[in-house]
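Coordinates from input-v4.cif are shown below (mmCIF, C-alpha atoms).
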data_run
#
loop_
_atom_site.label_atom_id
_atom_site.label_comp_id
_atom_site.auth_asym_id
_atom_site.auth_seq_id
_atom_site.Cartn_x
_atom_site.Cartn_y
_atom_site.Cartn_z
CA MET A 1 -24.78 -101.58 -31.56
CA SER A 2 -23.11 -103.31 -28.65
CA ILE A 3 -25.29 -106.11 -27.35
CA ASN A 4 -25.33 -105.09 -23.64
CA ILE A 5 -26.55 -101.59 -24.47
CA VAL A 6 -29.30 -103.01 -26.70
CA LEU A 7 -30.34 -105.38 -23.90
CA ALA A 8 -30.35 -102.48 -21.42
CA ILE A 9 -32.57 -100.48 -23.79
CA LEU A 10 -34.91 -103.47 -24.19
CA ALA A 11 -35.04 -104.00 -20.40
CA THR A 12 -35.79 -100.27 -19.89
CA SER A 13 -38.49 -100.13 -22.55
CA SER A 14 -40.22 -103.34 -21.40
CA ALA A 15 -40.13 -102.18 -17.74
CA THR A 16 -41.77 -98.96 -18.90
CA TYR A 17 -44.34 -100.60 -21.19
CA ILE A 18 -45.55 -103.00 -18.46
CA SER A 19 -47.16 -100.17 -16.48
CA ARG A 20 -48.82 -98.78 -19.60
CA PHE A 21 -50.04 -102.24 -20.67
CA PHE A 22 -51.60 -103.11 -17.30
CA GLY A 23 -53.10 -99.62 -17.25
CA VAL A 24 -55.01 -100.42 -20.45
CA ILE A 25 -56.21 -103.77 -19.06
CA THR A 26 -57.51 -102.04 -15.91
CA SER A 27 -59.08 -99.25 -17.99
CA ASN A 28 -61.35 -101.80 -19.71
CA LYS A 29 -63.10 -102.33 -16.36
CA VAL A 30 -63.19 -98.74 -15.10
CA LYS A 31 -66.00 -96.31 -15.93
CA GLU A 32 -65.18 -92.61 -16.08
CA THR A 33 -68.09 -91.78 -13.77
CA SER A 34 -67.02 -94.24 -11.07
CA LYS A 35 -65.33 -93.47 -7.76
CA ILE A 36 -62.41 -95.69 -8.67
CA PHE A 37 -61.74 -93.51 -11.73
CA ARG A 38 -61.66 -90.40 -9.51
CA TRP A 39 -59.32 -92.25 -7.13
CA PHE A 40 -56.95 -93.15 -9.98
CA ASN A 41 -57.08 -89.53 -11.13
CA CYS A 42 -55.91 -88.43 -7.67
CA LEU A 43 -53.23 -91.14 -7.69
CA ALA A 44 -51.96 -89.98 -11.10
CA TYR A 45 -51.63 -86.34 -10.06
CA SER A 46 -50.15 -87.12 -6.63
CA THR A 47 -47.62 -89.57 -8.12
CA LEU A 48 -46.55 -86.96 -10.69
CA SER A 49 -46.30 -84.42 -7.91
CA ALA A 50 -44.15 -86.82 -5.86
CA LEU A 51 -41.93 -87.37 -8.90
CA LEU A 52 -41.53 -83.62 -9.45
CA ALA A 53 -40.70 -83.06 -5.78
CA ARG A 54 -38.09 -85.78 -5.98
CA ILE A 55 -36.54 -84.37 -9.18
CA ILE A 56 -36.30 -80.88 -7.65
CA ILE A 57 -35.34 -81.71 -4.04
CA PHE A 58 -33.37 -84.96 -4.51
CA PRO A 59 -32.28 -84.88 -8.16
CA VAL A 60 -30.08 -87.33 -10.05
CA GLY A 61 -27.87 -86.37 -13.00
CA ALA A 62 -26.94 -82.79 -13.92
CA LEU A 63 -29.26 -81.10 -11.43
CA SER A 64 -27.63 -82.85 -8.47
CA GLU A 65 -24.51 -80.74 -9.04
CA VAL A 66 -26.40 -77.52 -8.29
CA SER A 67 -26.96 -76.41 -4.70
CA TYR A 68 -30.34 -76.83 -3.04
CA LEU A 69 -30.60 -73.04 -2.56
CA ILE A 70 -30.14 -72.32 -6.29
CA ARG A 71 -32.74 -74.94 -7.25
CA LEU A 72 -35.25 -73.56 -4.76
CA THR A 73 -34.62 -69.97 -5.88
CA VAL A 74 -35.20 -70.88 -9.53
CA VAL A 75 -38.38 -72.84 -8.74
CA LEU A 76 -39.91 -70.08 -6.59
CA PHE A 77 -38.97 -67.32 -9.03
CA CYS A 78 -40.43 -69.27 -11.98
CA LEU A 79 -43.66 -69.89 -10.07
CA PHE A 80 -43.81 -66.14 -9.41
CA ILE A 81 -43.32 -65.48 -13.15
CA PHE A 82 -46.02 -68.06 -13.93
CA PHE A 83 -48.57 -66.24 -11.78
CA ILE A 84 -47.73 -62.68 -12.86
CA SER A 85 -47.76 -63.72 -16.55
CA LYS A 86 -51.40 -64.88 -16.15
CA ARG A 87 -50.42 -68.57 -16.05
CA ASN A 88 -48.33 -68.56 -19.20
CA PHE A 89 -46.19 -71.72 -19.47
CA VAL A 90 -43.55 -70.38 -21.87
CA TYR A 91 -42.04 -67.52 -19.81
CA PRO A 92 -41.21 -69.55 -16.67
CA THR A 93 -39.92 -72.45 -18.81
CA VAL A 94 -37.50 -70.29 -20.80
CA ILE A 95 -36.49 -68.16 -17.80
CA SER A 96 -35.74 -71.29 -15.73
CA ALA A 97 -33.10 -72.48 -18.23
CA ILE A 98 -31.40 -69.08 -18.48
CA MET A 99 -31.53 -68.44 -14.73
CA MET A 100 -30.26 -71.90 -13.80
CA THR A 101 -27.37 -71.71 -16.31
CA LEU A 102 -26.30 -68.26 -15.05
CA LEU A 103 -26.66 -69.06 -11.35
CA SER A 104 -24.80 -72.36 -11.59
CA GLU A 105 -22.00 -70.66 -13.52
CA TYR A 106 -21.51 -67.58 -11.35
CA LEU A 107 -22.49 -68.70 -7.82
CA MET B 1 -57.82 -97.60 -39.10
CA ILE B 2 -57.01 -94.05 -37.98
CA ASN B 3 -59.19 -91.05 -38.68
CA THR B 4 -56.76 -88.66 -40.37
CA LYS B 5 -58.67 -85.52 -39.48
CA TYR B 6 -58.56 -86.20 -35.74
CA PHE B 7 -55.03 -87.60 -35.88
CA LEU B 8 -53.79 -84.36 -37.47
CA LYS B 9 -55.83 -82.27 -35.06
CA GLY B 10 -54.08 -84.02 -32.19
CA PHE B 11 -50.70 -83.91 -33.91
CA PHE B 12 -50.77 -80.14 -34.40
CA CYS B 13 -51.56 -79.49 -30.72
CA ILE B 14 -47.79 -79.41 -30.40
CA LYS B 15 -47.82 -76.03 -32.20
CA ASP B 16 -49.85 -74.36 -29.44
CA LEU B 17 -48.05 -71.68 -27.48
CA ASN B 18 -48.54 -73.54 -24.22
CA SER B 19 -47.61 -76.98 -25.58
CA PRO B 20 -44.83 -78.97 -23.86
CA ALA B 21 -42.67 -78.96 -27.04
CA VAL B 22 -40.00 -76.61 -25.65
CA ALA B 23 -39.73 -78.40 -22.29
CA LEU B 24 -39.78 -81.81 -23.94
CA ALA B 25 -37.12 -80.82 -26.50
CA ALA B 26 -34.84 -79.30 -23.83
CA SER B 27 -34.96 -82.45 -21.71
CA PHE B 28 -34.35 -84.84 -24.59
CA ILE B 29 -31.48 -82.66 -25.91
CA ALA B 30 -29.90 -83.19 -22.48
CA ILE B 31 -30.64 -86.94 -22.67
CA GLY B 32 -29.15 -87.17 -26.19
CA ALA B 33 -25.98 -85.45 -24.98
CA LEU B 34 -25.83 -87.71 -21.92
CA PHE B 35 -26.22 -90.82 -24.12
CA LYS B 36 -23.28 -89.71 -26.25
CA ASN B 37 -21.16 -88.99 -23.17
CA ILE B 38 -21.71 -92.47 -21.75
CA GLY B 39 -20.83 -94.17 -25.03
CA LEU B 40 -24.09 -94.88 -26.87
CA ASN B 41 -24.05 -94.32 -30.63
CA ILE B 42 -26.71 -92.37 -32.54
CA GLN B 43 -28.76 -95.46 -33.43
CA GLU B 44 -28.84 -96.65 -29.83
CA SER B 45 -29.78 -93.17 -28.57
CA VAL B 46 -32.68 -92.77 -31.00
CA PHE B 47 -33.75 -96.40 -30.50
CA SER B 48 -33.83 -95.85 -26.72
CA THR B 49 -36.04 -92.76 -26.90
CA PHE B 50 -38.33 -94.39 -29.48
CA LEU B 51 -38.86 -97.53 -27.39
CA THR B 52 -38.86 -96.07 -23.88
CA TYR B 53 -40.20 -92.51 -24.25
CA ALA B 54 -40.10 -91.76 -20.54
CA LEU B 55 -37.50 -89.36 -19.24
CA PRO B 56 -36.82 -90.62 -15.69
CA GLY B 57 -36.50 -94.20 -17.00
CA SER B 58 -33.97 -93.14 -19.65
CA LEU B 59 -32.00 -91.23 -17.03
CA ILE B 60 -31.90 -94.27 -14.74
CA MET B 61 -30.81 -96.51 -17.62
CA ALA B 62 -27.98 -94.10 -18.46
CA GLU B 63 -26.79 -93.94 -14.84
CA SER B 64 -27.09 -97.73 -14.44
CA LEU B 65 -24.97 -98.26 -17.56
CA MET B 66 -22.33 -95.92 -16.14
CA VAL B 67 -22.02 -97.94 -12.91
CA GLY B 68 -22.29 -101.28 -14.73
CA ALA B 69 -25.57 -102.41 -13.13
CA SER B 70 -27.10 -105.75 -14.11
CA LEU B 71 -30.07 -106.02 -16.50
CA LEU B 72 -32.32 -107.10 -13.62
CA ASN B 73 -31.29 -104.03 -11.62
CA ILE B 74 -32.01 -101.77 -14.57
CA PHE B 75 -35.39 -103.44 -15.14
CA LEU B 76 -36.48 -103.11 -11.49
CA ALA B 77 -35.21 -99.54 -11.06
CA VAL B 78 -36.94 -98.39 -14.25
CA TRP B 79 -40.14 -100.26 -13.40
CA LEU B 80 -40.26 -98.58 -9.98
CA VAL B 81 -39.74 -95.08 -11.27
CA ASN B 82 -42.10 -95.54 -14.24
CA ALA B 83 -44.87 -97.30 -12.29
CA ARG B 84 -46.53 -93.85 -12.17
CA LEU B 85 -47.55 -94.57 -15.79
CA TYR B 86 -50.08 -97.14 -14.49
CA PRO B 87 -52.39 -94.68 -12.64
CA MET B 88 -51.83 -92.18 -15.47
CA THR B 89 -53.12 -94.74 -17.99
CA VAL B 90 -56.10 -95.75 -15.83
CA SER B 91 -57.05 -92.09 -15.33
CA LEU B 92 -56.95 -91.40 -19.06
CA PHE B 93 -57.87 -94.46 -21.12
CA PRO B 94 -61.47 -94.88 -19.83
CA LEU B 95 -62.06 -91.46 -21.44
CA LEU B 96 -60.84 -92.81 -24.80
CA MET B 97 -62.78 -96.09 -24.82
CA HIS B 98 -65.25 -96.61 -27.67
CA LYS B 99 -66.70 -99.86 -28.95
CA SER B 100 -65.89 -99.00 -32.58
CA GLN B 101 -62.14 -98.96 -31.89
CA PRO B 102 -60.18 -102.26 -32.05
CA LYS B 103 -58.65 -103.42 -28.76
CA LEU B 104 -55.17 -103.79 -30.28
CA LYS B 105 -55.13 -100.08 -31.06
CA TYR B 106 -55.34 -99.28 -27.33
CA TYR B 107 -52.40 -101.55 -26.54
CA LEU B 108 -50.30 -99.80 -29.18
CA ALA B 109 -51.53 -96.30 -28.31
CA CYS B 110 -50.62 -96.71 -24.63
CA HIS B 111 -46.96 -96.40 -25.64
CA PHE B 112 -47.60 -92.65 -25.93
CA ILE B 113 -48.47 -92.33 -22.23
CA ALA B 114 -46.02 -89.79 -20.86
CA VAL B 115 -46.57 -86.66 -18.78
CA SER B 116 -46.45 -84.26 -21.73
CA ALA B 117 -49.04 -85.99 -23.96
CA TRP B 118 -51.14 -87.03 -20.95
CA LEU B 119 -51.51 -83.43 -19.77
CA ILE B 120 -52.50 -82.21 -23.25
CA MET B 121 -55.13 -84.94 -23.52
CA LYS B 122 -56.51 -84.32 -20.03
CA GLU B 123 -56.94 -80.67 -20.98
CA ASN B 124 -58.50 -81.26 -24.43
CA TYR B 125 -60.46 -84.53 -24.37
CA LYS B 126 -63.84 -82.87 -23.81
CA SER B 127 -63.53 -80.97 -27.10
CA VAL B 128 -63.18 -84.23 -29.11
CA LYS B 129 -66.01 -86.63 -30.00
CA ARG B 130 -65.70 -89.80 -27.96
CA LYS B 131 -65.50 -92.02 -31.05
CA TYR B 132 -62.41 -90.20 -32.31
CA ARG B 133 -60.61 -89.51 -29.02
CA LEU B 134 -58.23 -92.43 -29.54
CA ASP B 135 -57.21 -91.13 -33.00
CA TYR B 136 -56.73 -87.67 -31.52
CA TRP B 137 -54.64 -89.19 -28.72
CA ILE B 138 -52.44 -91.07 -31.22
CA GLY B 139 -51.86 -87.74 -33.01
CA VAL B 140 -50.88 -86.01 -29.75
CA GLY B 141 -48.60 -88.90 -28.77
CA ALA B 142 -46.97 -89.17 -32.21
CA ALA B 143 -46.17 -85.44 -32.19
CA ASN B 144 -44.63 -85.58 -28.72
CA LEU B 145 -42.64 -88.71 -29.53
CA SER B 146 -41.37 -87.08 -32.75
CA VAL B 147 -40.15 -84.07 -30.77
CA ALA B 148 -38.47 -86.37 -28.24
CA ILE B 149 -36.69 -88.42 -30.93
CA SER B 150 -35.56 -85.36 -32.92
CA ALA B 151 -34.31 -83.66 -29.75
CA THR B 152 -32.39 -86.79 -28.70
CA ALA B 153 -30.63 -86.87 -32.08
CA PHE B 154 -29.95 -83.12 -31.92
CA GLY B 155 -28.59 -83.41 -28.36
CA PHE B 156 -26.36 -86.29 -29.46
CA PHE B 157 -24.81 -84.22 -32.26
CA ILE B 158 -24.27 -81.05 -30.21
CA ALA B 159 -23.07 -82.88 -27.07
CA ASP B 160 -19.50 -81.62 -27.54
CA TYR B 161 -20.68 -78.01 -27.48
CA LEU B 162 -22.75 -78.29 -24.28
CA ASN B 163 -20.90 -77.48 -21.08
CA LYS B 164 -21.98 -78.54 -17.57
CA ASP B 165 -23.88 -75.30 -16.87
CA MET B 166 -25.87 -75.59 -20.11
CA MET B 167 -26.79 -79.19 -19.23
CA VAL B 168 -28.06 -77.99 -15.85
CA GLY B 169 -30.09 -75.27 -17.58
CA LEU B 170 -31.67 -77.84 -19.91
CA ALA B 171 -32.37 -80.25 -17.03
CA ILE B 172 -34.47 -77.75 -15.04
CA VAL B 173 -36.79 -76.86 -17.96
CA ASN B 174 -38.95 -79.99 -17.80
CA PRO B 175 -39.60 -79.95 -14.02
CA ILE B 176 -40.47 -76.24 -14.15
CA TYR B 177 -42.87 -76.71 -17.08
CA PHE B 178 -44.64 -79.63 -15.40
CA LEU B 179 -44.72 -77.84 -12.06
CA CYS B 180 -46.56 -74.93 -13.74
CA VAL B 181 -48.97 -77.35 -15.49
CA MET B 182 -49.65 -79.15 -12.20
CA VAL B 183 -50.31 -75.88 -10.39
CA ASN B 184 -52.66 -74.92 -13.23
CA ALA B 185 -54.52 -78.24 -12.82
CA MET B 186 -55.32 -77.46 -9.17
CA LYS B 187 -58.94 -76.55 -9.87
CA SER B 188 -60.84 -78.82 -7.47
CA ILE B 189 -60.27 -79.70 -3.82
CA GLN B 190 -59.15 -83.21 -4.82
CA MET B 191 -56.62 -81.91 -7.34
CA ILE B 192 -55.26 -79.28 -4.93
CA LEU B 193 -54.82 -81.90 -2.21
CA ALA B 194 -53.38 -84.50 -4.62
CA VAL B 195 -50.68 -82.12 -5.88
CA ILE B 196 -49.74 -80.60 -2.50
CA LEU B 197 -49.85 -83.87 -0.53
CA GLY B 198 -48.04 -85.69 -3.37
CA SER B 199 -45.05 -83.38 -3.12
CA ILE B 200 -45.02 -83.55 0.71
CA PHE B 201 -45.33 -87.35 0.94
CA GLY B 202 -42.93 -87.85 -1.98
CA ILE B 203 -40.25 -86.03 0.01
CA LEU B 204 -41.14 -87.68 3.35
CA PHE B 205 -41.05 -91.20 1.91
CA TYR B 206 -37.66 -90.46 0.36
CA PHE B 207 -36.17 -90.67 3.87
CA ILE B 208 -37.64 -94.15 4.29
CA SER B 209 -36.91 -95.49 0.81
CA PRO B 210 -35.50 -93.43 -2.08
CA ASP B 211 -36.50 -96.19 -4.52
CA TRP B 212 -40.13 -96.44 -3.42
CA CYS B 213 -40.81 -92.81 -2.44
CA ILE B 214 -42.65 -91.90 -5.67
CA LEU B 215 -44.95 -94.93 -5.48
CA PHE B 216 -45.60 -94.90 -1.72
CA GLY B 217 -45.77 -91.10 -1.54
CA GLY B 218 -48.07 -90.88 -4.55
CA PHE B 219 -50.32 -93.69 -3.33
CA THR B 220 -50.67 -92.29 0.21
CA ALA B 221 -51.21 -88.72 -0.97
CA GLY B 222 -53.62 -89.68 -3.78
CA THR B 223 -55.72 -91.87 -1.48
CA LEU B 224 -55.87 -89.17 1.21
CA ALA B 225 -56.75 -86.52 -1.38
CA PHE B 226 -59.50 -88.73 -2.79
CA TYR B 227 -61.14 -89.40 0.59
CA MET B 228 -60.82 -85.80 1.79
CA GLY B 229 -62.26 -84.57 -1.49
CA GLU B 230 -65.18 -87.05 -1.31
CA LEU B 231 -65.90 -85.98 2.29
CA ASN B 232 -65.87 -82.37 1.17
CA VAL B 233 -68.35 -83.06 -1.67
CA ASN B 234 -70.66 -85.05 0.63
#

Starting from the file, give its structure as structure tokens.
Amino acid sequence: MSINIVLAILATSSATYISRFFGVITSNKVKETSKIFRWFNCLAYSTLSALLARIIIFPVGALSEVSYLIRLTVVLFCLFIFFISKRNFVYPTVISAIMMTLLSEYL
Amino acid sequence: MINTKYFLKGFFCIKDLNSPAVALAASFIAIGALFKNIGLNIQESVFSTFLTYALPGSLIMAESLMVGASLLNIFLAVWLVNARLYPMTVSLFPLLMHKSQPKLKYYLACHFIAVSAWLIMKENYKSVKRKYRLDYWIGVGAANLSVAISATAFGFFIADYLNKDMMVGLAIVNPIYFLCVMVNAMKSIQMILAVILGSIFGILFYFISPDWCILFGGFTAGTLAFYMGELNVN
């Protein structure tokens, strides 16, 4: 292994573990019936939602090479599939990959 | 140390039809292929997924390596994007606390905090006795991490056969799966507001600071959702 890549991996993993570690320390003082627990629950879902919005609207990596219109079409169609399939997670997940591959290849 | 029965019960959650296994595997196949394309070897790729186990962080590391960013830059960029793991841990671990479990176990088990395992646990924790929730959680986390590591290795080996369009197809799977799970979690006024406001503020804050938009957007939206939900209950 080249040393700079190993150091980059160690920097990435320690930067990731810090948030988890401090989360456990805070958890020792938080009761599940408290208001602060409910607040953190809201923060967790809203932060995930913000992350998802960023990945879909302002992506980095492979997705950034696909037009905004294609991404939006795939997202809306998969949500439609999710609701008509009685909230099944598998159909929209599989369809999204096929649809995105085809649309990015032919449009 | 670990109750095998509950560990295995958690571990085999990955077999459920609605488990995140497919989405998780698709994303880490793409990450494995990306690692190979930027010059990591198989050991480094597997080592990275094993130690980091957070998709956006791995993606940022890969992009930073491509542009030759410094270690400090990588550390700060990854910390910013993965800071979401802090509220996720605080909103889950109080549910797993039990006096019979050693403290060290919690510090090791928190490595499994990632969206996929977190969502499974949030959905299932009520069906597990409090004393054994941590063992169940370790099972869930170990299964998800195993899928991530195997998929990274698989992606690394098939990288030469994946074209750009296939990579795009793999990259959309994870966001779509989690979007569906988030929509499914919108069962109370607070959750509905948290998810909708989170996506709106996440986008709005992007125009102010792309680096901080997840944290600022999530914090603002979560706090608003909490207070509006509390007002509604009162």

Go through chain A residue by residue and, counting all atoms listed in the file, keep those with an atom at most 7 Å from chain B; for each kept residue give the shortest atom pair and its distance in Å to one decimal, ordered by chain and increasing number, as a tab-separated table.
residue	atom	partner	partner_atom	distance
A:Met1	CA	B:Glu44	CA	6.6
A:Ala8	CA	B:Leu71	CA	6.1
A:Ile9	CA	B:Ser48	CA	5.6
A:Ala11	CA	B:Phe75	CA	5.3
A:Thr12	CA	B:Phe75	CA	5.7
A:Ser13	CA	B:Thr52	CA	4.3
A:Ala15	CA	B:Trp79	CA	4.7
A:Thr16	CA	B:Asn82	CA	5.8
A:Tyr17	CA	B:His111	CA	6.7
A:Ser19	CA	B:Tyr86	CA	4.7
A:Arg20	CA	B:Tyr86	CA	5.5
A:Phe21	CA	B:Tyr107	CA	6.4
A:Phe22	CA	B:Tyr86	CA	6.8
A:Gly23	CA	B:Tyr86	CA	4.8
A:Val24	CA	B:Thr89	CA	6.5
A:Thr26	CA	B:Val90	CA	6.4
A:Ser27	CA	B:Val90	CA	5.1
A:Asn28	CA	B:Pro94	CA	6.9
A:Val30	CA	B:Pro94	CA	6.3
A:Lys31	CA	B:Pro94	CA	6.1
A:Glu32	CA	B:Pro94	CA	5.7
A:Phe37	CA	B:Ser91	CA	6.1
A:Trp39	CA	B:Phe226	CA	5.6
A:Phe40	CA	B:Ser91	CA	5.5
A:Asn41	CA	B:Ser91	CA	4.9
A:Cys42	CA	B:Gly222	CA	4.7
A:Leu43	CA	B:Gly222	CA	4.2
A:Ala44	CA	B:Met88	CA	4.9
A:Tyr45	CA	B:Ala194	CA	6.0
A:Ser46	CA	B:Gly198	CA	4.1
A:Thr47	CA	B:Gly218	CA	3.8
A:Ser49	CA	B:Gly198	CA	5.0
A:Ala50	CA	B:Gly202	CA	4.2
A:Leu51	CA	B:Ile214	CA	5.6
A:Leu52	CA	B:Pro175	CA	6.2
A:Ala53	CA	B:Ser199	CA	5.1
A:Arg54	CA	B:Ile203	CA	6.4
A:Ala62	CA	B:Val168	CA	5.3
A:Leu63	CA	B:Val168	CA	5.5
A:Val75	CA	B:Ile176	CA	6.7
A:Leu79	CA	B:Cys180	CA	6.9
A:Phe82	CA	B:Cys180	CA	6.9
A:Phe89	CA	B:Asn18	CA	5.6
A:Val90	CA	B:Asn18	CA	6.4
A:Thr93	CA	B:Tyr177	CA	5.5
A:Ser96	CA	B:Val173	CA	6.1
A:Ala97	CA	B:Gly169	CA	4.2
A:Ile98	CA	B:Gly169	CA	6.4
A:Met100	CA	B:Gly169	CA	5.1
A:Thr101	CA	B:Gly169	CA	4.7
A:Ser104	CA	B:Asp165	CA	6.1
A:Glu105	CA	B:Asp165	CA	6.0

To one decimal in Å, tell me the separation between atom CA of Pro59 of chain A and atom CA of Arg71 of chain A. 10.0 Å

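Coordinates place atom CA of Ile31 of chain B at a distance of 15.3 Å from atom CA of Ile5 of chain A.
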
Could you check how far atom CA of Phe207 of chain B sits from atom CA of Ile55 of chain A, in Å to one decimal? 14.5 Å

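Across the chains present, the PyMOL selection byres ((chain A and resi 67-69) around 10) applied to this file returns Ile56, Ile57, Phe58, Pro59, Leu63, Ser64, Glu65, Val66, Ile70, Arg71, Leu72, Thr73, Val74, Val75, Leu103, Ser104 and Leu107 of chain A.
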
Write out, as a CSV table (one decimal), keeping the file's coordinate frame, the residues just selected, with C-alpha atoms.
chain,number,residue,atom,x,y,z
A,56,ILE,CA,-36.3,-80.9,-7.6
A,57,ILE,CA,-35.3,-81.7,-4.0
A,58,PHE,CA,-33.4,-85.0,-4.5
A,59,PRO,CA,-32.3,-84.9,-8.2
A,63,LEU,CA,-29.3,-81.1,-11.4
A,64,SER,CA,-27.6,-82.8,-8.5
A,65,GLU,CA,-24.5,-80.7,-9.0
A,66,VAL,CA,-26.4,-77.5,-8.3
A,70,ILE,CA,-30.1,-72.3,-6.3
A,71,ARG,CA,-32.7,-74.9,-7.2
A,72,LEU,CA,-35.2,-73.6,-4.8
A,73,THR,CA,-34.6,-70.0,-5.9
A,74,VAL,CA,-35.2,-70.9,-9.5
A,75,VAL,CA,-38.4,-72.8,-8.7
A,103,LEU,CA,-26.7,-69.1,-11.4
A,104,SER,CA,-24.8,-72.4,-11.6
A,107,LEU,CA,-22.5,-68.7,-7.8

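Using all atoms listed in the file for every distance, the candidate list B:Ala33, B:Leu55, B:Leu134, B:Ala25 yields B:Leu55 as the residue closest to Val60 of chain A.
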